[in-house]
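Dropping input_14.txt in here (compact mmCIF, C-alpha atoms):
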# COMPACT_ATOMS: atom_id res chain seq x y z
CA MET U 1 -3.69 32.98 20.67
CA SER U 2 -4.58 29.32 20.39
CA LYS U 3 -2.90 26.91 22.76
CA LEU U 4 -3.25 24.18 20.17
CA LEU U 5 -0.16 22.69 18.57
CA HIS U 6 0.97 23.89 15.16
CA ARG U 7 1.10 21.19 12.53
CA ARG U 8 4.35 22.14 10.84
CA GLN U 9 6.22 22.36 14.14
CA VAL U 10 4.91 18.94 15.14
CA VAL U 11 5.85 17.33 11.82
CA ARG U 12 9.30 18.92 11.80
CA ALA U 13 9.90 17.61 15.30
CA LEU U 14 8.80 14.10 14.31
CA LEU U 15 10.81 13.95 11.08
CA LYS U 16 14.09 15.53 12.22
CA ASP U 17 16.95 13.03 11.79
CA ARG U 18 14.53 10.36 10.66
CA ASN U 19 17.19 7.79 9.86
CA GLY U 20 15.68 6.32 6.70
CA MET U 21 12.17 6.03 8.11
CA MET U 22 9.56 5.57 5.39
CA VAL U 23 6.99 8.38 5.61
CA VAL U 24 3.62 8.51 3.86
CA GLY U 25 1.84 11.88 3.83
CA GLY U 26 -1.93 11.79 3.36
CA LEU U 27 -3.40 13.98 0.67
CA GLY U 28 -3.82 17.67 1.41
CA ALA U 29 -2.03 19.49 4.19
CA PRO U 30 -0.11 16.48 5.60
CA ALA U 31 1.59 16.03 2.21
CA TRP U 32 2.63 19.71 2.33
CA ASP U 33 3.71 19.29 5.97
CA ILE U 34 6.07 16.38 5.35
CA THR U 35 7.53 18.33 2.41
CA ASP U 36 8.00 21.42 4.57
CA ALA U 37 10.02 19.25 6.97
CA GLY U 38 12.37 18.37 4.09
CA ASP U 39 11.52 16.43 0.96
CA GLU U 40 13.28 13.06 1.13
CA PRO U 41 13.41 10.02 -1.17
CA THR U 42 11.77 7.89 1.53
CA SER U 43 8.77 10.24 1.59
CA PHE U 44 5.61 9.29 -0.24
CA PRO U 45 3.35 12.35 -0.44
CA MET U 46 -0.10 11.49 -1.73
CA TRP U 47 -1.92 13.68 -4.24
CA GLY U 48 -5.15 11.71 -4.25
CA SER U 49 -6.58 8.31 -3.29
CA MET U 50 -8.22 9.75 -0.18
CA GLY U 51 -8.48 7.15 2.56
CA GLY U 52 -5.48 5.18 1.32
CA ALA U 53 -2.52 6.71 3.17
CA ALA U 54 -2.47 4.36 6.16
CA MET U 55 -2.78 1.33 3.88
CA VAL U 56 0.14 2.46 1.70
CA ALA U 57 2.18 2.72 4.88
CA LEU U 58 1.04 -0.75 5.97
CA GLY U 59 2.13 -2.29 2.68
CA ALA U 60 5.57 -0.69 2.97
CA ALA U 61 5.86 -1.63 6.65
CA LEU U 62 5.05 -5.29 5.95
CA ALA U 63 7.53 -5.36 3.08
CA GLN U 64 10.31 -3.77 5.18
CA PRO U 65 9.85 -5.03 8.73
CA LYS U 66 13.31 -3.86 9.83
CA ARG U 67 12.68 -0.26 8.79
CA LYS U 68 10.38 2.18 10.56
CA ALA U 69 7.26 3.32 8.72
CA LEU U 70 5.13 6.33 9.60
CA VAL U 71 1.97 7.70 8.09
CA ILE U 72 1.05 11.29 8.83
CA THR U 73 -2.44 12.14 7.71
CA GLY U 74 -5.42 14.31 8.50
CA ASP U 75 -8.62 13.55 10.37
CA GLY U 76 -10.74 13.72 7.21
CA GLU U 77 -8.45 11.37 5.29
CA MET U 78 -8.31 8.90 8.20
CA LEU U 79 -12.09 8.95 8.60
CA MET U 80 -12.54 8.04 4.93
CA GLY U 81 -10.31 5.00 5.34
CA ILE U 82 -11.23 4.21 8.93
CA GLY U 83 -11.40 0.47 8.21
CA ALA U 84 -7.63 0.58 7.69
CA LEU U 85 -7.26 0.85 11.47
CA ALA U 86 -8.89 -2.57 11.82
CA THR U 87 -6.81 -4.02 9.00
CA ILE U 88 -3.56 -2.67 10.48
CA ALA U 89 -4.40 -3.92 13.95
CA VAL U 90 -5.01 -7.44 12.65
CA GLN U 91 -1.53 -7.43 11.08
CA GLN U 92 0.17 -5.91 14.19
CA PRO U 93 3.16 -4.40 12.34
CA ALA U 94 5.69 -3.54 15.07
CA ASN U 95 7.40 -0.96 12.83
CA LEU U 96 4.33 1.12 11.89
CA SER U 97 3.06 4.34 13.45
CA VAL U 98 -0.11 6.15 12.42
CA VAL U 99 -0.20 9.84 13.32
CA VAL U 100 -3.38 11.80 12.66
CA LEU U 101 -3.12 15.58 12.65
CA ASP U 102 -6.61 16.47 13.83
CA ASN U 103 -7.85 20.00 13.21
CA GLU U 104 -11.48 18.78 13.11
CA HIS U 105 -11.91 20.26 9.63
CA TYR U 106 -11.55 19.47 5.94
CA GLY U 107 -8.87 22.09 5.30
CA GLU U 108 -8.53 21.84 1.53
CA THR U 109 -12.19 22.26 0.72
CA GLY U 110 -13.21 25.30 2.76
CA MET U 111 -12.83 24.27 6.41
CA GLN U 112 -16.02 22.25 6.75
CA ARG U 113 -16.19 20.45 10.08
CA THR U 114 -15.36 16.73 10.31
CA HIS U 115 -16.77 14.04 12.58
CA THR U 116 -13.93 14.46 15.08
CA GLY U 117 -15.36 17.87 15.97
CA PHE U 118 -18.62 16.17 16.92
CA GLY U 119 -17.16 13.68 19.38
CA VAL U 120 -15.91 10.86 17.16
CA ASP U 121 -12.83 9.65 19.02
CA LEU U 122 -10.23 8.08 16.75
CA VAL U 123 -8.06 7.02 19.71
CA LYS U 124 -10.90 4.90 21.04
CA VAL U 125 -11.45 3.49 17.56
CA ALA U 126 -7.78 2.52 17.33
CA GLU U 127 -7.89 1.00 20.82
CA GLY U 128 -11.01 -0.92 19.94
CA CYS U 129 -9.35 -2.24 16.80
CA GLY U 130 -6.41 -3.52 18.83
CA PHE U 131 -3.54 -1.07 18.35
CA LYS U 132 -0.78 -1.99 20.75
CA ARG U 133 -0.13 1.62 21.74
CA THR U 134 -2.14 4.82 21.49
CA LEU U 135 -1.36 8.38 22.50
CA ARG U 136 -3.21 11.68 22.68
CA VAL U 137 -0.94 14.58 21.83
CA ASN U 138 -1.92 18.05 23.02
CA THR U 139 1.29 19.69 24.30
CA GLU U 140 4.91 20.04 23.26
CA GLU U 141 5.83 17.54 25.98
CA ASP U 142 3.45 15.07 24.35
CA VAL U 143 5.22 15.61 21.01
CA VAL U 144 8.53 14.63 22.63
CA LYS U 145 6.87 11.51 24.00
CA LEU U 146 5.35 10.71 20.61
CA ARG U 147 8.72 11.01 18.93
CA ASP U 148 10.22 8.61 21.43
CA MET U 149 7.41 6.10 20.90
CA ILE U 150 7.76 6.24 17.10
CA TYR U 151 11.52 5.74 17.10
CA ASN U 152 12.18 3.62 20.17
CA GLN U 153 9.15 1.49 20.93
CA GLU U 154 7.34 -1.33 19.23
CA GLY U 155 4.05 -0.63 17.53
CA PRO U 156 1.66 -0.52 15.98
CA LEU U 157 1.15 2.95 17.40
CA PHE U 158 -1.79 5.27 16.83
CA ALA U 159 -1.48 8.91 17.88
CA LEU U 160 -4.02 11.71 17.60
CA VAL U 161 -2.46 15.16 17.55
CA LYS U 162 -4.93 17.98 18.14
CA ILE U 163 -3.73 20.91 16.04
CA ASP U 164 -4.74 24.46 15.22
CA ALA U 165 -6.97 24.75 12.14
CA GLU U 166 -4.58 27.26 10.58
CA LYS U 167 -4.25 27.78 6.84
CA LEU U 168 -0.61 27.80 5.80
CA PRO U 169 1.21 28.44 2.52
CA LEU U 170 1.43 25.23 0.49
CA VAL U 171 4.83 23.52 0.27
CA LEU U 172 4.40 21.29 -2.72
CA PRO U 173 6.20 17.96 -3.18
CA PRO U 174 6.94 16.57 -6.65
CA ARG U 175 3.69 15.35 -8.17
CA GLU U 176 4.79 12.93 -10.88
CA GLY U 177 3.94 9.53 -9.48
CA SER U 178 6.62 7.48 -11.20
CA TYR U 179 9.31 9.80 -9.93
CA ILE U 180 8.06 9.69 -6.35
CA LYS U 181 7.78 5.90 -6.55
CA ASN U 182 11.19 5.26 -8.09
CA ARG U 183 13.18 7.54 -5.84
CA PHE U 184 11.53 5.79 -2.87
CA ARG U 185 12.34 2.31 -4.19
CA ILE U 186 15.93 3.26 -5.00
CA ALA U 187 16.39 4.67 -1.49
CA VAL U 188 14.96 1.56 0.17
CA LEU U 189 15.98 -1.23 -2.23
CA GLY U 190 19.06 0.15 -3.98
CA PRO U 191 19.79 1.42 -7.50
CA ASP U 192 18.73 -1.80 -9.22
CA ALA U 193 15.16 -1.30 -8.01
CA VAL U 194 14.17 0.46 -11.21
CA HIS U 195 15.08 -2.68 -13.15
CA ASP U 196 14.34 -5.56 -10.80
CA GLU U 197 11.05 -6.74 -9.42
CA MET W 198 -23.12 -23.81 -28.63
CA THR W 199 -23.44 -27.56 -28.24
CA GLY W 200 -26.54 -29.16 -26.84
CA SER W 201 -24.82 -30.53 -23.78
CA LYS W 202 -23.28 -27.14 -22.96
CA SER W 203 -26.55 -25.29 -23.26
CA GLN W 204 -28.16 -27.76 -20.87
CA ALA W 205 -25.43 -27.37 -18.27
CA SER W 206 -26.87 -25.84 -15.14
CA ALA W 207 -25.38 -22.57 -13.93
CA ASN W 208 -24.56 -24.09 -10.57
CA ASP W 209 -22.70 -27.06 -11.98
CA ALA W 210 -19.12 -25.88 -11.74
CA ASP W 211 -16.49 -27.81 -13.67
CA ASN W 212 -14.03 -29.13 -11.08
CA SER W 213 -11.85 -31.16 -13.43
CA VAL W 214 -9.15 -28.44 -13.56
CA ASP W 215 -7.62 -27.41 -10.23
CA TRP W 216 -7.31 -23.76 -11.22
CA PRO W 217 -6.93 -22.42 -7.66
CA ARG W 218 -3.83 -24.64 -7.30
CA GLN W 219 -2.59 -23.37 -10.66
CA ILE W 220 -2.97 -19.75 -9.52
CA TYR W 221 -1.18 -20.57 -6.26
CA ASP W 222 1.69 -22.14 -8.23
CA LEU W 223 1.90 -18.99 -10.37
CA PHE W 224 2.01 -16.87 -7.20
CA LYS W 225 4.97 -18.96 -5.99
CA GLN W 226 6.72 -18.76 -9.32
CA HIS W 227 6.34 -14.95 -9.39
CA ARG W 228 7.25 -14.56 -5.69
CA ILE W 229 3.93 -13.01 -4.72
CA ARG W 230 4.17 -12.25 -0.99
CA GLN W 231 1.33 -9.96 0.11
CA VAL W 232 -2.05 -11.48 -0.76
CA ALA W 233 -4.77 -8.98 0.07
CA MET W 234 -8.38 -10.02 -0.01
CA VAL W 235 -12.00 -9.59 0.76
CA PRO W 236 -13.17 -13.17 0.51
CA ASP W 237 -15.32 -14.73 -2.15
CA ALA W 238 -16.48 -18.33 -2.28
CA GLY W 239 -14.75 -18.64 -5.63
CA HIS W 240 -11.40 -17.74 -4.04
CA ALA W 241 -11.85 -19.89 -0.92
CA LYS W 242 -9.40 -22.61 -1.90
CA LEU W 243 -6.71 -20.18 -3.08
CA ILE W 244 -7.08 -18.14 0.12
CA LYS W 245 -6.57 -21.29 2.22
CA MET W 246 -3.41 -22.20 0.34
CA CYS W 247 -1.98 -18.70 0.66
CA GLU W 248 -2.80 -18.58 4.36
CA ALA W 249 -1.03 -21.89 4.96
CA ASP W 250 2.12 -20.66 3.18
CA ASP W 251 4.68 -19.17 5.60
CA ASP W 252 6.32 -17.18 2.81
CA MET W 253 3.08 -15.38 2.04
CA LEU W 254 1.26 -12.78 4.06
CA LEU W 255 -2.52 -12.90 3.89
CA VAL W 256 -3.95 -9.43 4.52
CA ARG W 257 -7.65 -9.34 5.39
CA LEU W 258 -9.27 -6.10 4.24
CA THR W 259 -12.43 -4.37 5.41
CA THR W 260 -12.99 -3.07 1.87
CA GLU W 261 -11.26 -3.85 -1.41
CA GLU W 262 -9.87 -0.34 -1.96
CA GLU W 263 -7.61 -0.89 1.04
CA GLY W 264 -5.88 -3.59 -0.98
CA VAL W 265 -5.19 -1.24 -3.89
CA ALA W 266 -3.38 1.15 -1.52
CA LEU W 267 -1.70 -1.68 0.42
CA LEU W 268 -0.13 -3.16 -2.67
CA GLY W 269 1.15 0.25 -3.76
CA GLY W 270 2.98 0.45 -0.45
CA ALA W 271 4.12 -3.16 -0.80
CA TRP W 272 5.73 -2.34 -4.14
CA LEU W 273 7.44 0.72 -2.62
CA GLY W 274 8.97 -1.61 -0.05
CA GLY W 275 9.91 -4.32 -2.55
CA ASP W 276 7.09 -6.82 -2.12
CA LYS W 277 4.96 -8.19 -4.94
CA GLY W 278 1.30 -8.77 -4.20
CA ALA W 279 -2.09 -9.77 -5.52
CA LEU W 280 -5.60 -8.59 -4.69
CA LEU W 281 -8.48 -11.09 -4.54
CA MET W 282 -12.11 -10.00 -4.56
CA GLN W 283 -15.49 -10.59 -6.08
CA SER W 284 -16.90 -8.25 -8.69
CA SER W 285 -18.97 -6.30 -6.16
CA GLY W 286 -15.68 -5.11 -4.68
CA VAL W 287 -14.52 -3.57 -7.93
CA GLY W 288 -16.91 -0.68 -7.37
CA ASN W 289 -15.23 0.04 -4.05
CA CYS W 290 -11.83 0.38 -5.71
CA ILE W 291 -12.42 3.00 -8.36
CA ASN W 292 -11.01 6.19 -6.86
CA MET W 293 -8.16 4.31 -5.19
CA LEU W 294 -7.08 3.01 -8.60
CA SER W 295 -5.82 6.53 -9.33
CA LEU W 296 -2.83 5.54 -7.16
CA PRO W 297 -1.46 2.64 -9.27
CA ILE W 298 -2.38 4.45 -12.47
CA SER W 299 -0.70 7.76 -11.59
CA CYS W 300 2.37 6.07 -10.06
CA ALA W 301 2.65 3.16 -12.52
CA PHE W 302 2.44 0.56 -9.76
CA PRO W 303 2.03 -3.03 -10.88
CA LEU W 304 -1.26 -4.42 -9.58
CA LEU W 305 -2.84 -7.81 -10.19
CA MET W 306 -6.54 -8.04 -9.36
CA LEU W 307 -8.23 -11.45 -9.49
CA VAL W 308 -11.96 -10.91 -9.60
CA THR W 309 -14.52 -13.69 -9.36
CA MET W 310 -17.68 -12.64 -11.11
CA ARG W 311 -21.13 -12.28 -9.58
CA GLY W 312 -24.17 -10.97 -11.39
CA ASP W 313 -22.90 -12.77 -14.43
CA HIS W 314 -23.68 -16.30 -15.64
CA GLY W 315 -26.98 -17.61 -14.22
CA GLU W 316 -27.19 -15.17 -11.30
CA PHE W 317 -30.01 -15.68 -8.76
CA ASN W 318 -29.61 -12.49 -6.71
CA PRO W 319 -30.92 -9.30 -8.37
CA SER W 320 -28.67 -7.07 -6.28
CA GLN W 321 -25.54 -8.64 -7.75
CA VAL W 322 -26.40 -7.74 -11.33
CA PRO W 323 -25.77 -3.96 -11.56
CA MET W 324 -22.15 -4.19 -10.38
CA GLY W 325 -21.49 -7.51 -12.06
CA ASN W 326 -22.78 -6.22 -15.37
CA SER W 327 -20.68 -3.05 -15.19
CA THR W 328 -17.46 -4.50 -13.75
CA GLN W 329 -15.48 -4.73 -16.97
CA ALA W 330 -16.67 -1.37 -18.35
CA VAL W 331 -15.92 0.44 -15.09
CA LEU W 332 -12.43 -1.04 -14.78
CA GLU W 333 -11.59 -0.24 -18.39
CA ALA W 334 -12.96 3.29 -18.10
CA THR W 335 -10.66 3.81 -15.12
CA GLY W 336 -7.62 2.63 -17.04
CA VAL W 337 -7.25 -0.95 -15.84
CA ILE W 338 -6.48 -3.63 -18.43
CA VAL W 339 -9.08 -6.41 -18.21
CA LYS W 340 -8.76 -10.07 -19.23
CA ARG W 341 -11.56 -12.58 -18.90
CA ALA W 342 -11.39 -16.29 -18.20
CA ASP W 343 -14.70 -18.06 -18.69
CA SER W 344 -13.65 -21.68 -18.53
CA PRO W 345 -11.44 -23.46 -15.96
CA ASP W 346 -8.88 -24.58 -18.52
CA THR W 347 -8.11 -20.99 -19.58
CA ILE W 348 -7.66 -19.48 -16.09
CA ALA W 349 -4.01 -20.37 -15.49
CA GLU W 350 -2.84 -19.01 -18.84
CA THR W 351 -4.90 -15.84 -18.40
CA VAL W 352 -3.55 -15.23 -14.89
CA SER W 353 -0.02 -15.99 -16.05
CA SER W 354 -0.23 -13.44 -18.84
CA ALA W 355 -1.85 -10.88 -16.52
CA LEU W 356 0.94 -11.32 -13.98
CA ARG W 357 3.56 -10.66 -16.62
CA LEU W 358 1.65 -7.71 -18.04
CA ALA W 359 1.21 -6.11 -14.61
CA PHE W 360 4.74 -6.60 -13.30
CA ASN W 361 6.68 -6.20 -16.54
CA THR W 362 4.84 -3.10 -17.73
CA TYR W 363 3.91 -1.48 -14.39
CA ARG W 364 0.14 -1.13 -14.48
CA PRO W 365 -3.05 -2.50 -12.95
CA VAL W 366 -4.42 -5.59 -14.66
CA ALA W 367 -7.62 -7.39 -13.67
CA VAL W 368 -8.59 -10.97 -14.49
CA LEU W 369 -12.32 -11.57 -14.36
CA ILE W 370 -13.12 -15.21 -13.61
CA GLY W 371 -16.57 -15.86 -15.03
CA GLN W 372 -19.42 -17.03 -12.86
CA GLY W 373 -19.84 -20.02 -15.15
CA VAL W 374 -16.55 -21.32 -13.72
CA ILE W 375 -17.62 -21.10 -10.11
CA GLY W 376 -21.33 -21.63 -10.45
CA ALA W 377 -24.17 -19.43 -9.28
CA LYS W 378 -25.46 -19.84 -5.76
CA ASP W 379 -29.11 -20.92 -5.71
CA PHE W 380 -30.50 -19.39 -2.53
CA ARG W 381 -33.66 -21.50 -2.73
CA LYS W 382 -31.61 -24.61 -2.03
CA LEU W 383 -30.20 -22.93 1.06
CA THR W 384 -33.61 -22.45 2.65
CA VAL W 385 -34.17 -26.18 3.23
CA LYS W 386 -34.10 -27.02 6.93
CA GLY W 387 -30.97 -28.81 8.00
CA THR W 388 -28.86 -27.40 5.18
CA THR W 389 -25.79 -25.76 6.63
CA GLU W 390 -24.23 -24.15 3.58
Could you render the structure from this file as structure tokens?
Amino acid sequence: MSKLLHRRQVVRALLKDRNGMMVVGGLGAPAWDITDAGDEPTSFPMWGSMGGAAMVALGAALAQPKRKALVITGDGEMLMGIGALATIAVQQPANLSVVVLDNEHYGETGMQRTHTGFGVDLVKVAEGCGFKRTLRVNTEEDVVKLRDMIYNQEGPLFALVKIDAEKLPLVLPPREGSYIKNRFRIAVLGPDAVHDE
Amino acid sequence: MTGSKSQASANDADNSVDWPRQIYDLFKQHRIRQVAMVPDAGHAKLIKMCEADDDMLLVRLTTEEEGVALLGGAWLGGDKGALLMQSSGVGNCINMLSLPISCAFPLLMLVTMRGDHGEFNPSQVPMGNSTQAVLEATGVIVKRADSPDTIAETVSSALRLAFNTYRPVAVLIGQGVIGAKDFRKLTVKGTTE
């Protein structure tokens, strides 16, 4: 039995009682994970645009500085948009956390190994870019600490959660983009958001 | 084409219209807040004005596709934005454009052209020559402005099209407006730019 953390347990622990936090799920398993934890209007599950999840979260975080923003994505998706870590660090959004669920594999395409399994260290990358806080998450105690940092401390925060490379049943979010967008905007901006700029 | 126009050198930009200021004024009028960019010489003045404006947020990108995703998130959170780049950057954006297209996010892209009018650098031509076709094939509406006096009206209409009808719209600002860089002139000793 693997001692590695299980992704769905981690995500459920992070998203329980999330208090209106804006949550972007990177394409593939993280989008299913945030849906498994409870599909909410302030969730933005991504169906494509690989490499873009952290930047979507940055845009929302900059627009809503008084609201927490969290991106949960995979190691493959983060690697494709690795420059986003530099871009986020330059902006220093205090309300943004980036959590990478790292199973060292591309899970949706047949479990091919990613760079993180060959020594590429995303925590060091984030530190080098200038993230205010970073955390390595390997145990359940670390998950408790991560939750506290997301909700109670100033960011930007980057956390790398080493997880089991398990294949789980898909929990699909809605996939019609306008619907996902408008329910998010209504939840954050109010009912007039579908009419107003 | 008139004789005087055909004799105009490619690196003689027409500076009689302050189109960067006009674009900045349109940004203010439309409450553009997040200005995302990979720099281009053609956007230098506009970038400076946006950076100096406390009501705007200049977001430096490592690659243009970051800006496509950023401005999707900005719209989710209630901010309007614009993405500035040169035509080389359009190629970097293609897959990311599936986000504004599938979610009907408004997106304004202001693209200064390279590999276009009087280009000196062979490497700029493949992307410059394909910019409009690639954007249109992806589903982005494209408007061109090839003279300084048409830029403000073109950007104004693109802003309204993007934000009133929820879709990505690109304005291509022709290289004839900005002028082509002649690298030979830059090799003279003592020349700093």
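Using all atoms listed in the file for every distance, the candidate list W:Gly288, W:Gly325, W:Gly269, W:Pro303 yields W:Pro303 as the residue closest to W:Ala355.
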- [ ] For chain U, list the residues within 9 Å of chain W, counting only C-alpha atoms, and write the list as number ranges by chain.
- [x] U: 46-64, 81, 83-84, 86-87, 90-91, 176-182, 184-185, 188-189, 193, 197
Can I get the selected residues back with C-alpha atoms, as an mmCIF file, in the coordinates of the input?
data_model
loop_
_atom_site.group_PDB
_atom_site.id
_atom_site.type_symbol
_atom_site.label_atom_id
_atom_site.label_comp_id
_atom_site.auth_asym_id
_atom_site.auth_seq_id
_atom_site.Cartn_x
_atom_site.Cartn_y
_atom_site.Cartn_z
ATOM 1 C CA MET U 46 -0.100 11.490 -1.730
ATOM 2 C CA TRP U 47 -1.920 13.680 -4.240
ATOM 3 C CA GLY U 48 -5.150 11.710 -4.250
ATOM 4 C CA SER U 49 -6.580 8.310 -3.290
ATOM 5 C CA MET U 50 -8.220 9.750 -0.180
ATOM 6 C CA GLY U 51 -8.480 7.150 2.560
ATOM 7 C CA GLY U 52 -5.480 5.180 1.320
ATOM 8 C CA ALA U 53 -2.520 6.710 3.170
ATOM 9 C CA ALA U 54 -2.470 4.360 6.160
ATOM 10 C CA MET U 55 -2.780 1.330 3.880
ATOM 11 C CA VAL U 56 0.140 2.460 1.700
ATOM 12 C CA ALA U 57 2.180 2.720 4.880
ATOM 13 C CA LEU U 58 1.040 -0.750 5.970
ATOM 14 C CA GLY U 59 2.130 -2.290 2.680
ATOM 15 C CA ALA U 60 5.570 -0.690 2.970
ATOM 16 C CA ALA U 61 5.860 -1.630 6.650
ATOM 17 C CA LEU U 62 5.050 -5.290 5.950
ATOM 18 C CA ALA U 63 7.530 -5.360 3.080
ATOM 19 C CA GLN U 64 10.310 -3.770 5.180
ATOM 20 C CA GLY U 81 -10.310 5.000 5.340
ATOM 21 C CA GLY U 83 -11.400 0.470 8.210
ATOM 22 C CA ALA U 84 -7.630 0.580 7.690
ATOM 23 C CA ALA U 86 -8.890 -2.570 11.820
ATOM 24 C CA THR U 87 -6.810 -4.020 9.000
ATOM 25 C CA VAL U 90 -5.010 -7.440 12.650
ATOM 26 C CA GLN U 91 -1.530 -7.430 11.080
ATOM 27 C CA GLU U 176 4.790 12.930 -10.880
ATOM 28 C CA GLY U 177 3.940 9.530 -9.480
ATOM 29 C CA SER U 178 6.620 7.480 -11.200
ATOM 30 C CA TYR U 179 9.310 9.800 -9.930
ATOM 31 C CA ILE U 180 8.060 9.690 -6.350
ATOM 32 C CA LYS U 181 7.780 5.900 -6.550
ATOM 33 C CA ASN U 182 11.190 5.260 -8.090
ATOM 34 C CA PHE U 184 11.530 5.790 -2.870
ATOM 35 C CA ARG U 185 12.340 2.310 -4.190
ATOM 36 C CA VAL U 188 14.960 1.560 0.170
ATOM 37 C CA LEU U 189 15.980 -1.230 -2.230
ATOM 38 C CA ALA U 193 15.160 -1.300 -8.010
ATOM 39 C CA GLU U 197 11.050 -6.740 -9.420
#
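Counting only C-alpha atoms, stretch 9-12 of chain U has the following residues at most 7 Å away, ignoring those fewer than 2 positions along the same chain: His6, Arg7, Leu14, Leu15, Lys16, Asp33, Ile34, Ala37 and Val143 of chain U.
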Neighbours of U:Asp148 within 12 Å (only C-alpha atoms; same-chain residues fewer than 3 positions away dropped), as a PDB file with C-alpha atoms, in the frame of the given file?
ATOM      1  CA  ALA U  13       9.900  17.610  15.300  1.00  0.00           C
ATOM      2  CA  LEU U  14       8.800  14.100  14.310  1.00  0.00           C
ATOM      3  CA  LEU U  15      10.810  13.950  11.080  1.00  0.00           C
ATOM      4  CA  ARG U  18      14.530  10.360  10.660  1.00  0.00           C
ATOM      5  CA  SER U  97       3.060   4.340  13.450  1.00  0.00           C
ATOM      6  CA  LEU U 135      -1.360   8.380  22.500  1.00  0.00           C
ATOM      7  CA  GLU U 141       5.830  17.540  25.980  1.00  0.00           C
ATOM      8  CA  ASP U 142       3.450  15.070  24.350  1.00  0.00           C
ATOM      9  CA  VAL U 143       5.220  15.610  21.010  1.00  0.00           C
ATOM     10  CA  VAL U 144       8.530  14.630  22.630  1.00  0.00           C
ATOM     11  CA  LYS U 145       6.870  11.510  24.000  1.00  0.00           C
ATOM     12  CA  TYR U 151      11.520   5.740  17.100  1.00  0.00           C
ATOM     13  CA  ASN U 152      12.180   3.620  20.170  1.00  0.00           C
ATOM     14  CA  GLN U 153       9.150   1.490  20.930  1.00  0.00           C
ATOM     15  CA  GLU U 154       7.340  -1.330  19.230  1.00  0.00           C
ATOM     16  CA  GLY U 155       4.050  -0.630  17.530  1.00  0.00           C
ATOM     17  CA  LEU U 157       1.150   2.950  17.400  1.00  0.00           C
TER      18      LEU U 157
END
What's the 10 Å shell around stretch 111-113 of chain U, counting only C-alpha atoms, without same-chain residues fewer than 6 positions away, as a PDB file with C-alpha atoms, in the coordinates of the input?
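Produced file selection30.pdb, reproduced below:
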ATOM      1  CA  GLY U  76     -10.740  13.720   7.210  1.00  0.00           C
ATOM      2  CA  ASN U 103      -7.850  20.000  13.210  1.00  0.00           C
ATOM      3  CA  GLU U 104     -11.480  18.780  13.110  1.00  0.00           C
ATOM      4  CA  HIS U 105     -11.910  20.260   9.630  1.00  0.00           C
ATOM      5  CA  ALA U 165      -6.970  24.750  12.140  1.00  0.00           C
ATOM      6  CA  GLU U 166      -4.580  27.260  10.580  1.00  0.00           C
ATOM      7  CA  LYS U 167      -4.250  27.780   6.840  1.00  0.00           C
TER       8      LYS U 167
END
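Note that the spacing between atom CA of W:Gly336 and atom CA of W:Arg357 amounts to 17.4 Å.
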- prompt: Contacts of stretch 368-376 of chain W at 9 Å or less, counting only C-alpha atoms, minus same-chain residues fewer than 3 places along, as a count of residues only?
  reply: 37
Compile the contact shell of U:Val161 as a short mmCIF file (atom, residue, chain, number, x, y, z; two decimals) with C-alpha atoms, in the coordinates of the input: residues with an atom at most 7 Å away, counting only C-alpha atoms, same-chain residues fewer than 2 positions apart removed.
data_model
loop_
_atom_site.label_atom_id
_atom_site.label_comp_id
_atom_site.auth_asym_id
_atom_site.auth_seq_id
_atom_site.Cartn_x
_atom_site.Cartn_y
_atom_site.Cartn_z
CA VAL U 100 -3.38 11.80 12.66
CA LEU U 101 -3.12 15.58 12.65
CA ASP U 102 -6.61 16.47 13.83
CA ARG U 136 -3.21 11.68 22.68
CA VAL U 137 -0.94 14.58 21.83
CA ASN U 138 -1.92 18.05 23.02
CA ALA U 159 -1.48 8.91 17.88
CA ILE U 163 -3.73 20.91 16.04
#
Separating atom CA of U:Met22 from atom CA of U:Thr35, to the nearest tenth of an Å, is a gap of 13.3 Å
Separating atom CA of W:Lys382 from atom CA of W:Met282, to the nearest tenth of an Å, is a gap of 24.5 Å
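Using only C-alpha atoms, the nearest neighbour of W:Val322 within the list W:Ser213, W:Ser285, W:Glu261, W:Lys242 is W:Ser285.
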Using C-alpha atoms, give me stretch 257-269 of chain W from the structure I just pasted, as a PDB file, in the first residue's frame.
ATOM      1  CA  ARG W 257       4.114  41.252 -17.925  1.00  0.00           C
ATOM      2  CA  LEU W 258       3.869  37.828 -19.551  1.00  0.00           C
ATOM      3  CA  THR W 259       6.551  35.292 -20.391  1.00  0.00           C
ATOM      4  CA  THR W 260       4.531  34.203 -23.432  1.00  0.00           C
ATOM      5  CA  GLU W 261       1.435  35.653 -25.064  1.00  0.00           C
ATOM      6  CA  GLU W 262      -0.808  32.652 -24.376  1.00  0.00           C
ATOM      7  CA  GLU W 263      -0.585  33.470 -20.673  1.00  0.00           C
ATOM      8  CA  GLY W 264      -2.458  36.666 -21.455  1.00  0.00           C
ATOM      9  CA  VAL W 265      -5.313  34.816 -23.158  1.00  0.00           C
ATOM     10  CA  ALA W 266      -5.838  32.739 -19.995  1.00  0.00           C
ATOM     11  CA  LEU W 267      -5.264  35.715 -17.670  1.00  0.00           C
ATOM     12  CA  LEU W 268      -7.954  37.793 -19.298  1.00  0.00           C
ATOM     13  CA  GLY W 269     -10.416  34.895 -19.114  1.00  0.00           C
TER      14      GLY W 269
END
